[in-house]
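As stored in query_21.txt (compact mmCIF, C-alpha atoms and all ligand atoms):
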# COMPACT_ATOMS: atom_id res chain seq x y z
CA MET B 1 -79.37 -23.62 -20.76
CA SER B 2 -77.55 -25.76 -23.29
CA ARG B 3 -73.81 -25.99 -22.73
CA LYS B 4 -71.56 -26.38 -25.72
CA TYR B 5 -67.90 -27.27 -25.30
CA ALA B 6 -65.16 -27.82 -27.86
CA ILE B 7 -61.68 -29.28 -27.57
CA ILE B 8 -58.85 -28.74 -30.04
CA GLY B 9 -56.22 -31.46 -29.56
CA VAL B 10 -57.70 -34.70 -28.30
CA GLY B 11 -54.51 -36.22 -26.89
CA HIS B 12 -54.05 -37.21 -23.25
CA VAL B 13 -55.29 -33.92 -21.83
CA GLY B 14 -58.06 -33.30 -24.35
CA ALA B 15 -59.38 -36.85 -24.01
CA ALA B 16 -59.34 -36.64 -20.19
CA ILE B 17 -61.34 -33.40 -20.38
CA ALA B 18 -63.79 -34.93 -22.87
CA PHE B 19 -64.31 -38.03 -20.73
CA SER B 20 -64.84 -36.01 -17.58
CA LEU B 21 -67.30 -33.61 -19.27
CA VAL B 22 -69.31 -36.49 -20.67
CA VAL B 23 -69.48 -38.74 -17.61
CA GLN B 24 -70.29 -35.84 -15.30
CA GLY B 25 -73.11 -34.78 -17.61
CA PHE B 26 -71.66 -31.27 -18.04
CA ALA B 27 -71.76 -31.08 -21.85
CA ASP B 28 -74.91 -30.96 -23.95
CA GLU B 29 -72.75 -30.65 -27.04
CA LEU B 30 -69.07 -31.50 -27.43
CA ILE B 31 -66.93 -30.84 -30.49
CA LEU B 32 -63.63 -32.71 -30.83
CA ILE B 33 -60.99 -31.46 -33.26
CA ASP B 34 -57.57 -33.00 -33.88
CA LYS B 35 -55.02 -32.93 -36.65
CA ASN B 36 -55.19 -36.70 -36.42
CA GLU B 37 -58.72 -37.32 -37.69
CA LYS B 38 -58.62 -41.02 -36.81
CA LYS B 39 -57.92 -40.12 -33.19
CA ALA B 40 -60.80 -37.64 -33.06
CA ARG B 41 -63.15 -40.21 -34.60
CA ALA B 42 -61.98 -42.92 -32.21
CA GLU B 43 -62.52 -40.71 -29.15
CA GLN B 44 -65.94 -39.74 -30.48
CA LEU B 45 -66.93 -43.39 -30.90
CA ASP B 46 -65.53 -44.41 -27.52
CA LEU B 47 -67.54 -41.66 -25.80
CA GLN B 48 -70.65 -42.45 -27.83
CA ASP B 49 -70.35 -46.08 -26.75
CA ALA B 50 -70.54 -44.85 -23.16
CA THR B 51 -73.74 -42.86 -23.69
CA ALA B 52 -76.06 -45.85 -23.32
CA ARG B 53 -74.88 -45.97 -19.70
CA LEU B 54 -75.25 -42.23 -19.03
CA ASP B 55 -78.20 -40.25 -17.75
CA SER B 56 -77.29 -37.30 -19.98
CA ARG B 57 -77.45 -37.25 -23.79
CA PRO B 58 -74.42 -35.34 -25.07
CA LYS B 59 -74.19 -34.72 -28.81
CA ILE B 60 -70.60 -35.38 -29.84
CA LYS B 61 -69.33 -34.09 -33.18
CA ILE B 62 -65.86 -33.91 -34.70
CA GLN B 63 -63.52 -31.94 -36.91
CA ASP B 64 -65.72 -28.92 -37.70
CA TYR B 65 -64.28 -25.50 -36.81
CA ALA B 66 -67.58 -23.89 -37.90
CA GLU B 67 -69.14 -25.40 -34.76
CA LEU B 68 -67.05 -22.99 -32.68
CA ALA B 69 -69.27 -20.06 -33.71
CA ASP B 70 -71.73 -20.75 -30.87
CA THR B 71 -69.45 -22.74 -28.56
CA ASP B 72 -69.41 -21.54 -24.94
CA ILE B 73 -66.08 -22.99 -23.85
CA LEU B 74 -63.13 -23.91 -26.05
CA PHE B 75 -60.29 -25.91 -24.55
CA VAL B 76 -57.06 -25.68 -26.51
CA THR B 77 -55.06 -28.78 -25.66
CA ALA B 78 -53.08 -29.57 -28.80
CA GLY B 79 -49.39 -30.30 -28.55
CA ASN B 80 -46.72 -32.92 -28.79
CA ILE B 81 -46.11 -34.27 -25.31
CA HIS B 82 -43.35 -36.61 -26.49
CA ALA B 83 -41.18 -33.54 -27.08
CA LEU B 84 -40.78 -33.47 -23.29
CA ASP B 85 -39.59 -37.07 -22.98
CA ASN B 86 -35.93 -36.07 -22.65
CA ALA B 87 -36.41 -32.48 -21.57
CA SER B 88 -35.36 -32.89 -17.90
CA GLY B 89 -37.94 -30.57 -16.46
CA ASN B 90 -38.03 -27.91 -19.14
CA ARG B 91 -41.49 -27.19 -20.56
CA TRP B 92 -40.04 -24.88 -23.20
CA ALA B 93 -38.78 -28.01 -24.98
CA GLU B 94 -42.23 -28.39 -26.56
CA PHE B 95 -42.19 -24.82 -27.82
CA GLU B 96 -40.82 -25.53 -31.30
CA TYR B 97 -43.88 -27.71 -31.92
CA THR B 98 -46.58 -25.75 -30.07
CA ARG B 99 -45.43 -22.51 -31.70
CA GLU B 100 -46.24 -24.03 -35.11
CA ILE B 101 -49.47 -25.62 -33.89
CA VAL B 102 -50.95 -22.32 -32.66
CA LYS B 103 -50.03 -20.68 -35.93
CA ASP B 104 -52.20 -23.32 -37.58
CA ILE B 105 -55.17 -23.22 -35.21
CA ALA B 106 -55.45 -19.52 -34.23
CA PRO B 107 -56.63 -18.31 -37.68
CA LYS B 108 -59.16 -21.14 -37.84
CA ILE B 109 -60.56 -20.23 -34.43
CA LYS B 110 -60.75 -16.59 -35.48
CA ALA B 111 -62.46 -17.40 -38.79
CA SER B 112 -65.08 -19.47 -36.98
CA GLY B 113 -66.37 -16.38 -35.15
CA PHE B 114 -65.82 -18.04 -31.76
CA ASN B 115 -66.88 -15.66 -29.02
CA GLY B 116 -66.93 -17.79 -25.88
CA VAL B 117 -64.19 -18.31 -23.32
CA LEU B 118 -60.99 -20.04 -24.43
CA ILE B 119 -59.05 -22.06 -21.87
CA ASP B 120 -55.55 -23.03 -22.97
CA THR B 121 -53.30 -25.71 -21.48
CA MET B 122 -50.71 -25.87 -24.27
CA ASN B 123 -47.15 -25.42 -23.08
CA PRO B 124 -45.40 -23.13 -22.56
CA CYS B 125 -48.80 -22.12 -21.28
CA ASP B 126 -48.42 -18.38 -20.64
CA ALA B 127 -46.71 -17.46 -23.93
CA ILE B 128 -49.01 -19.68 -26.00
CA THR B 129 -52.13 -18.23 -24.35
CA GLN B 130 -50.94 -14.70 -25.01
CA TYR B 131 -50.31 -15.61 -28.63
CA LEU B 132 -53.82 -17.06 -28.99
CA GLN B 133 -55.36 -13.93 -27.48
CA LYS B 134 -53.43 -11.65 -29.76
CA GLU B 135 -54.10 -13.62 -32.95
CA ILE B 136 -57.76 -14.39 -32.31
CA GLY B 137 -58.41 -10.84 -31.17
CA LEU B 138 -60.87 -11.64 -28.39
CA PRO B 139 -60.80 -9.47 -25.25
CA GLY B 140 -58.11 -10.64 -22.81
CA SER B 141 -60.77 -11.64 -20.28
CA GLN B 142 -62.03 -14.32 -22.69
CA VAL B 143 -58.66 -16.00 -23.26
CA LEU B 144 -57.00 -17.57 -20.26
CA GLY B 145 -54.45 -20.24 -19.55
CA THR B 146 -54.66 -22.80 -16.78
CA GLY B 147 -51.27 -21.32 -15.76
CA THR B 148 -50.42 -21.84 -12.10
CA PHE B 149 -53.86 -23.21 -11.18
CA LEU B 150 -52.39 -26.71 -11.44
CA ASP B 151 -49.14 -25.72 -9.72
CA THR B 152 -51.19 -24.24 -6.89
CA ALA B 153 -53.10 -27.54 -6.55
CA ARG B 154 -49.75 -29.34 -6.37
CA MET B 155 -48.56 -26.94 -3.68
CA GLN B 156 -51.81 -27.55 -1.76
CA ARG B 157 -51.25 -31.31 -1.92
CA VAL B 158 -47.62 -31.11 -0.84
CA VAL B 159 -48.41 -28.79 2.10
CA SER B 160 -51.50 -30.78 3.10
CA GLU B 161 -49.42 -33.94 3.42
CA LYS B 162 -47.04 -32.21 5.84
CA PHE B 163 -49.89 -30.92 8.00
CA ASN B 164 -52.18 -33.92 7.57
CA VAL B 165 -55.08 -31.74 6.44
CA ASP B 166 -57.29 -31.77 3.39
CA PRO B 167 -55.65 -29.94 0.42
CA LYS B 168 -58.73 -27.72 0.16
CA ASN B 169 -57.86 -26.33 3.59
CA VAL B 170 -54.52 -25.08 2.31
CA SER B 171 -55.09 -21.68 0.73
CA GLY B 172 -52.69 -19.43 -1.14
CA PHE B 173 -51.16 -19.23 -4.58
CA VAL B 174 -48.34 -20.18 -6.87
CA TYR B 175 -47.55 -17.16 -9.06
CA GLY B 176 -45.72 -16.60 -12.28
CA GLU B 177 -44.94 -18.85 -15.17
CA HIS B 178 -46.35 -22.36 -15.51
CA GLY B 179 -42.73 -23.40 -15.73
CA GLU B 180 -39.47 -23.26 -13.90
CA SER B 181 -39.65 -19.58 -12.85
CA GLN B 182 -42.91 -20.07 -10.97
CA PHE B 183 -42.81 -19.56 -7.20
CA VAL B 184 -44.97 -20.22 -4.17
CA ALA B 185 -45.99 -16.89 -2.65
CA TRP B 186 -45.65 -18.17 0.90
CA SER B 187 -46.92 -14.85 2.21
CA THR B 188 -50.35 -15.88 0.84
CA VAL B 189 -50.38 -19.48 2.11
CA SER B 190 -52.42 -20.57 5.13
CA VAL B 191 -53.26 -23.95 6.60
CA ASN B 192 -56.70 -24.11 8.16
CA GLY B 193 -56.61 -20.31 8.13
CA LEU B 194 -53.25 -19.99 9.93
CA PRO B 195 -50.32 -18.38 8.03
CA ILE B 196 -47.74 -21.00 7.08
CA LYS B 197 -44.96 -18.49 7.74
CA THR B 198 -45.76 -18.67 11.45
CA LEU B 199 -46.44 -22.43 11.51
CA ALA B 200 -43.32 -23.49 9.57
CA PRO B 201 -40.65 -22.59 12.18
CA LYS B 202 -42.59 -24.38 14.94
CA MET B 203 -42.66 -27.54 12.81
CA ASN B 204 -39.13 -27.14 11.52
CA LEU B 205 -40.47 -27.06 7.98
CA ASP B 206 -38.18 -26.24 5.09
CA LEU B 207 -40.40 -24.16 2.81
CA ASP B 208 -37.79 -24.12 0.03
CA ALA B 209 -37.78 -27.91 -0.07
CA LEU B 210 -41.59 -27.96 -0.14
CA GLU B 211 -41.57 -25.49 -3.00
CA ASP B 212 -39.15 -27.67 -4.97
CA THR B 213 -41.39 -30.70 -4.46
CA ALA B 214 -44.43 -28.75 -5.65
CA ARG B 215 -42.59 -27.29 -8.64
CA SER B 216 -41.34 -30.66 -9.78
CA GLY B 217 -44.71 -32.34 -9.15
CA GLY B 218 -45.57 -32.45 -12.85
CA TRP B 219 -42.31 -34.18 -13.67
CA ALA B 220 -42.90 -36.79 -11.00
CA VAL B 221 -46.10 -37.72 -12.85
CA HIS B 222 -44.61 -37.32 -16.32
CA SER B 223 -41.67 -39.59 -15.57
CA GLY B 224 -44.04 -42.38 -14.51
CA LYS B 225 -46.73 -42.27 -17.17
CA GLY B 226 -45.18 -40.15 -19.94
CA TYR B 227 -47.71 -37.34 -19.65
CA THR B 228 -50.03 -35.74 -17.12
CA SER B 229 -53.77 -35.62 -17.57
CA PHE B 230 -56.17 -36.02 -14.66
CA ALA B 231 -55.16 -33.03 -12.54
CA ILE B 232 -54.84 -30.65 -15.50
CA ALA B 233 -58.20 -31.82 -16.88
CA THR B 234 -59.78 -31.23 -13.46
CA CYS B 235 -58.31 -27.72 -13.30
CA ALA B 236 -59.46 -26.86 -16.83
CA ILE B 237 -62.97 -28.11 -16.15
CA LYS B 238 -63.14 -26.23 -12.83
CA LEU B 239 -62.33 -23.00 -14.70
CA SER B 240 -64.95 -23.74 -17.35
CA ARG B 241 -67.60 -24.42 -14.72
CA ALA B 242 -66.74 -21.16 -12.99
CA VAL B 243 -67.43 -19.39 -16.30
CA LEU B 244 -70.67 -21.18 -17.14
CA ASP B 245 -71.99 -20.90 -13.56
CA ASP B 246 -70.74 -17.31 -13.21
CA ALA B 247 -69.17 -18.59 -9.99
CA GLN B 248 -66.92 -15.55 -9.34
CA LEU B 249 -64.28 -18.09 -8.31
CA MET B 250 -61.07 -16.58 -7.01
CA CYS B 251 -58.21 -18.69 -8.26
CA PRO B 252 -54.90 -18.34 -10.08
CA CYS B 253 -54.70 -18.69 -13.85
CA SER B 254 -52.69 -17.16 -16.67
CA SER B 255 -54.06 -13.84 -17.88
CA TYR B 256 -52.86 -10.49 -19.08
CA ASN B 257 -51.22 -8.28 -16.48
CA VAL B 258 -50.84 -4.71 -17.69
CA LYS B 259 -48.03 -3.99 -15.22
CA TYR B 260 -45.76 -6.51 -16.94
CA ASN B 261 -47.39 -6.25 -20.38
CA SER B 262 -47.52 -10.03 -20.32
CA TYR B 263 -49.65 -13.03 -19.53
CA VAL B 264 -48.59 -14.45 -16.18
CA GLY B 265 -50.09 -16.60 -13.42
CA GLN B 266 -51.75 -14.72 -10.59
CA PRO B 267 -55.11 -14.80 -8.81
CA GLY B 268 -58.19 -13.48 -10.54
CA ILE B 269 -61.95 -13.72 -10.38
CA ILE B 270 -63.47 -16.18 -12.87
CA GLY B 271 -67.05 -15.54 -13.92
CA LYS B 272 -69.26 -15.53 -16.99
CA ASN B 273 -66.92 -13.22 -18.95
CA GLY B 274 -63.81 -15.24 -18.16
CA VAL B 275 -61.20 -13.44 -16.05
CA GLU B 276 -63.35 -10.61 -14.73
CA GLU B 277 -60.78 -9.03 -12.45
CA LEU B 278 -57.20 -9.55 -11.32
CA ILE B 279 -56.62 -9.61 -7.59
CA ASP B 280 -53.54 -7.67 -6.67
CA ILE B 281 -52.57 -9.04 -3.28
CA PRO B 282 -49.73 -6.92 -1.88
CA LEU B 283 -46.69 -9.19 -1.85
CA PRO B 284 -43.45 -8.65 0.06
CA PRO B 285 -40.65 -7.16 -2.09
CA GLU B 286 -38.83 -10.47 -2.63
CA GLU B 287 -42.02 -12.09 -3.97
CA GLU B 288 -42.78 -9.03 -6.15
CA GLN B 289 -39.30 -9.41 -7.59
CA LYS B 290 -39.83 -13.10 -8.35
CA LEU B 291 -43.08 -12.25 -10.15
CA ALA B 292 -41.36 -9.58 -12.24
CA THR B 293 -38.55 -12.01 -13.13
CA SER B 294 -41.00 -14.74 -14.06
CA ALA B 295 -43.06 -12.36 -16.22
CA ALA B 296 -39.86 -11.27 -17.96
CA THR B 297 -39.07 -14.92 -18.79
CA ILE B 298 -42.50 -15.34 -20.37
CA LYS B 299 -42.18 -12.08 -22.31
CA GLU B 300 -38.85 -13.10 -23.72
CA LYS B 301 -40.30 -16.33 -25.12
CA PHE B 302 -43.44 -14.63 -26.38
CA ALA B 303 -41.26 -12.18 -28.30
CA THR B 304 -39.75 -15.08 -30.24
CA MET B 305 -43.20 -15.98 -31.61
N1 LIG S 401 -50.67 -26.29 -18.52
C1 LIG S 401 -50.53 -27.45 -17.85
O1 LIG S 401 -50.55 -27.46 -16.63
C2 LIG S 401 -50.39 -28.71 -18.65
C3 LIG S 401 -50.49 -29.98 -18.08
C4 LIG S 401 -50.40 -31.09 -18.92
C5 LIG S 401 -50.17 -30.92 -20.27
N2 LIG S 401 -50.04 -29.66 -20.76
C6 LIG S 401 -49.84 -29.41 -22.19
O2 LIG S 401 -51.08 -29.66 -22.87
C7 LIG S 401 -50.79 -30.02 -24.23
C8 LIG S 401 -51.45 -31.36 -24.55
O3 LIG S 401 -50.83 -32.40 -23.80
P1 LIG S 401 -51.12 -33.92 -24.14
O4 LIG S 401 -50.41 -34.76 -23.16
O5 LIG S 401 -52.57 -34.12 -24.35
O6 LIG S 401 -50.36 -34.03 -25.57
P2 LIG S 401 -50.53 -35.15 -26.67
O7 LIG S 401 -49.28 -35.13 -27.47
O8 LIG S 401 -50.99 -36.42 -26.03
O9 LIG S 401 -51.77 -34.66 -27.56
C9 LIG S 401 -51.71 -33.54 -28.38
C10 LIG S 401 -52.78 -33.71 -29.47
O10 LIG S 401 -52.78 -32.51 -30.25
C11 LIG S 401 -52.97 -32.91 -31.60
N3 LIG S 401 -52.50 -31.85 -32.50
C12 LIG S 401 -51.23 -31.55 -32.83
N4 LIG S 401 -51.22 -30.53 -33.71
C13 LIG S 401 -52.52 -30.17 -33.92
C14 LIG S 401 -53.14 -29.20 -34.71
N5 LIG S 401 -52.42 -28.37 -35.52
N6 LIG S 401 -54.49 -29.11 -34.69
C15 LIG S 401 -55.21 -29.95 -33.92
N7 LIG S 401 -54.67 -30.92 -33.14
C16 LIG S 401 -53.34 -31.01 -33.15
C17 LIG S 401 -52.19 -34.22 -31.74
O11 LIG S 401 -52.62 -34.95 -32.87
C18 LIG S 401 -52.52 -34.89 -30.41
O12 LIG S 401 -53.67 -35.71 -30.50
C19 LIG S 401 -49.25 -30.06 -24.32
O13 LIG S 401 -48.79 -28.82 -24.80
C20 LIG S 401 -48.82 -30.26 -22.87
O14 LIG S 401 -47.52 -29.83 -22.59
C21 LIG S 401 -50.15 -28.57 -19.99
Starting from the coordinates I provided, produce the structure as structure tokens.
Amino acid sequence: MSRKYAIIGVGHVGAAIAFSLVVQGFADELILIDKNEKKARAEQLDLQDATARLDSRPKIKIQDYAELADTDILFVTAGNIHALDNASGNRWAEFEYTREIVKDIAPKIKASGFNGVLIDTMNPCDAITQYLQKEIGLPGSQVLGTGTFLDTARMQRVVSEKFNVDPKNVSGFVYGEHGESQFVAWSTVSVNGLPIKTLAPKMNLDLDALEDTARSGGWAVHSGKGYTSFAIATCAIKLSRAVLDDAQLMCPCSSYNVKYNSYVGQPGIIGKNGVEELIDIPLPPEEEQKLATSAATIKEKFATM
């Protein structure tokens, strides 16, 4: 089966996704679209220069929205990351730019007849993804945001370092906004299958401090290199592979939750139709409250669009 991917916004994140798709041999066709045509052309050439050293033979094209008509996976990674340079931890600082960018790209995606699965990283991720879903008019299952998938990976890393285990052996989820109101649902977190709530007191672990480290993980990267790219690209590609392989992967992402009438990060099942099901793990009341508060924050911003 031929696999066709497209990326709108070939900046740090889009380029990292493109590179990873090409070198791993995942893409048979790859469409790169950017407002900055020179950048799209340069990334195309750079990737094409690599193809003589690849086993796969990806066809890489640029700047043509019509190509989206039969695209399987569309990554939306446009933005203006420099808007966050002086934002001191606030992802909403990019909103005045991304709000205008999605108004430009959503009608073009819709007009192309795109009917695959759209994976958005643009910040603020939850509100922007909801906007894209509404404007493009695809079923909610087909439009998802990376949401707290990356924050969950950061939590897994931070916890794994404390317990000296592999991050994959830390399970559980960060819920809510991909932003400051996110929270680690510690009731869901286990290390090698053992609930962290019972392990933490024995190890004198301060879960609040761990949560702060996980939450600010993106800023630790951003302050050093001016953007983040590898982890978010890996998360976005993992979601896309789950769709194309119909993996039925259970993982958190940003999707529509009818209870809050909002996109918000929570676990779901990712398969060939996108988010096929939301998994409603019963949370203790204080975590339920945090989720409601986080969803309300997202809704408030979405309303301003
Ligand atoms: N959700 C997450 O976990 C996560 C992680 C990292 C980055 N991000 C977000 O992903 C987005 C991309 O980040 P980045 O570092 O690659 O940004 P960047 O500024 O490096 O690149 C953005 C690209 O989008 C292009 N662009 C702008 N307007 C466009 C338009 N109307 N049409 C097409 N292309 C357009 C720009 O020319 C640029 O090449 C940002 O919103 C960023 O905040 C999210």
Just give me the gap between CA of Phe75 (chain B) and CA of Arg157 (chain B) in Å, one decimal is fine. 25.0 Å
Smallest atom-to-atom distance to ligand LIG 401 (chain S): which of B:Gly9, B:Pro285, B:Gly274, B:Pro167, using all atoms listed in the file? B:Gly9
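Among the candidates B:Val191, B:Ala27, B:Leu210, B:Ile33, the residue lying nearest to ligand LIG 401 (chain S) is B:Ile33 (atoms considered: all atoms listed in the file).
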4 Å per side around region 171-184 of chain B: axis-aligned box centre and edge lengths, as JSON:
{"center_x": -47.3, "center_y": -20.0, "center_z": -7.5, "size_x": 23.6, "size_y": 14.8, "size_z": 24.5}
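CA of Ala236 (chain B) to CA of Thr188 (chain B) spans 22.7 Å [interatomic distance, one decimal].
Here CA of Val264 (chain B) is placed at a distance of 22.9 Å from CA of Phe230 (chain B).
Ranking B:Gly79, B:Pro201, B:Pro124, B:Gly172 by their shortest atom-to-atom distance to Lys299 (chain B), with all atoms listed in the file included, puts B:Pro124 first.
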Got a sec: who's within 9 Å of Ile7 (chain B), counting only C-alpha atoms, leaving out chain neighbours fewer than 6 positions off, as a list in words? Gly14, Ala15, Ile17, Ala18, Leu30, Ile31, Leu32, Ile33, Asp34, Ile73, Leu74, Phe75, Val76, Thr77 and Ala78 of chain B
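Using only C-alpha atoms and all ligand atoms for every distance, the candidate list B:Gly147, B:Gly113, B:Gly176, B:Gly25 yields B:Gly147 as the residue closest to ligand LIG 401 (chain S).
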For a cut-off of 9 Å around (-49.6, -22.2, -23.0), file coordinates, pick out all residues using only C-alpha atoms and list them as a PyMOL selection string. chain B and resi 76-77+98+120-132+145-147+178+254
At a cut-off of 12 Å, using all atoms listed in the file, what residues contact Phe149 (chain B)? Leave out same-chain residues fewer than 5 positions from it and give the result as a PyMOL selection string. chain B and resi 119-121+125-126+144+154-156+172-178+182+184+231-239+249-255+264-268
Write the residues you've just listed into a file as an mmCIF file, keeping the file's coordinate frame, and include C-alpha atoms for each of them.
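Result file again06.cif:
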data_model
loop_
_atom_site.group_PDB
_atom_site.id
_atom_site.type_symbol
_atom_site.label_atom_id
_atom_site.label_comp_id
_atom_site.auth_asym_id
_atom_site.auth_seq_id
_atom_site.Cartn_x
_atom_site.Cartn_y
_atom_site.Cartn_z
ATOM 1 C CA ILE B 119 -59.050 -22.060 -21.870
ATOM 2 C CA ASP B 120 -55.550 -23.030 -22.970
ATOM 3 C CA THR B 121 -53.300 -25.710 -21.480
ATOM 4 C CA CYS B 125 -48.800 -22.120 -21.280
ATOM 5 C CA ASP B 126 -48.420 -18.380 -20.640
ATOM 6 C CA LEU B 144 -57.000 -17.570 -20.260
ATOM 7 C CA ARG B 154 -49.750 -29.340 -6.370
ATOM 8 C CA MET B 155 -48.560 -26.940 -3.680
ATOM 9 C CA GLN B 156 -51.810 -27.550 -1.760
ATOM 10 C CA GLY B 172 -52.690 -19.430 -1.140
ATOM 11 C CA PHE B 173 -51.160 -19.230 -4.580
ATOM 12 C CA VAL B 174 -48.340 -20.180 -6.870
ATOM 13 C CA TYR B 175 -47.550 -17.160 -9.060
ATOM 14 C CA GLY B 176 -45.720 -16.600 -12.280
ATOM 15 C CA GLU B 177 -44.940 -18.850 -15.170
ATOM 16 C CA HIS B 178 -46.350 -22.360 -15.510
ATOM 17 C CA GLN B 182 -42.910 -20.070 -10.970
ATOM 18 C CA VAL B 184 -44.970 -20.220 -4.170
ATOM 19 C CA ALA B 231 -55.160 -33.030 -12.540
ATOM 20 C CA ILE B 232 -54.840 -30.650 -15.500
ATOM 21 C CA ALA B 233 -58.200 -31.820 -16.880
ATOM 22 C CA THR B 234 -59.780 -31.230 -13.460
ATOM 23 C CA CYS B 235 -58.310 -27.720 -13.300
ATOM 24 C CA ALA B 236 -59.460 -26.860 -16.830
ATOM 25 C CA ILE B 237 -62.970 -28.110 -16.150
ATOM 26 C CA LYS B 238 -63.140 -26.230 -12.830
ATOM 27 C CA LEU B 239 -62.330 -23.000 -14.700
ATOM 28 C CA LEU B 249 -64.280 -18.090 -8.310
ATOM 29 C CA MET B 250 -61.070 -16.580 -7.010
ATOM 30 C CA CYS B 251 -58.210 -18.690 -8.260
ATOM 31 C CA PRO B 252 -54.900 -18.340 -10.080
ATOM 32 C CA CYS B 253 -54.700 -18.690 -13.850
ATOM 33 C CA SER B 254 -52.690 -17.160 -16.670
ATOM 34 C CA SER B 255 -54.060 -13.840 -17.880
ATOM 35 C CA VAL B 264 -48.590 -14.450 -16.180
ATOM 36 C CA GLY B 265 -50.090 -16.600 -13.420
ATOM 37 C CA GLN B 266 -51.750 -14.720 -10.590
ATOM 38 C CA PRO B 267 -55.110 -14.800 -8.810
ATOM 39 C CA GLY B 268 -58.190 -13.480 -10.540
#
With all atoms listed in the file as the basis for distance, which of B:Gly218, B:Pro139, B:Gly224, B:Pro282 is at the shortest distance from ligand LIG 401 (chain S)? B:Gly218
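Between Ser187 (chain B) and the candidates B:Glu286, B:Leu45, B:Ala111, B:Ala6, the tightest atom-to-atom separation, counting all atoms listed in the file, involves B:Glu286.
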At a cut-off of 12 Å, using all atoms listed in the file, what residues contact Asp46 (chain B)? Leave out same-chain residues fewer than 3 positions from it and give the result as number ranges by chain. B: 15, 18-19, 22, 39-43, 49-52, 60
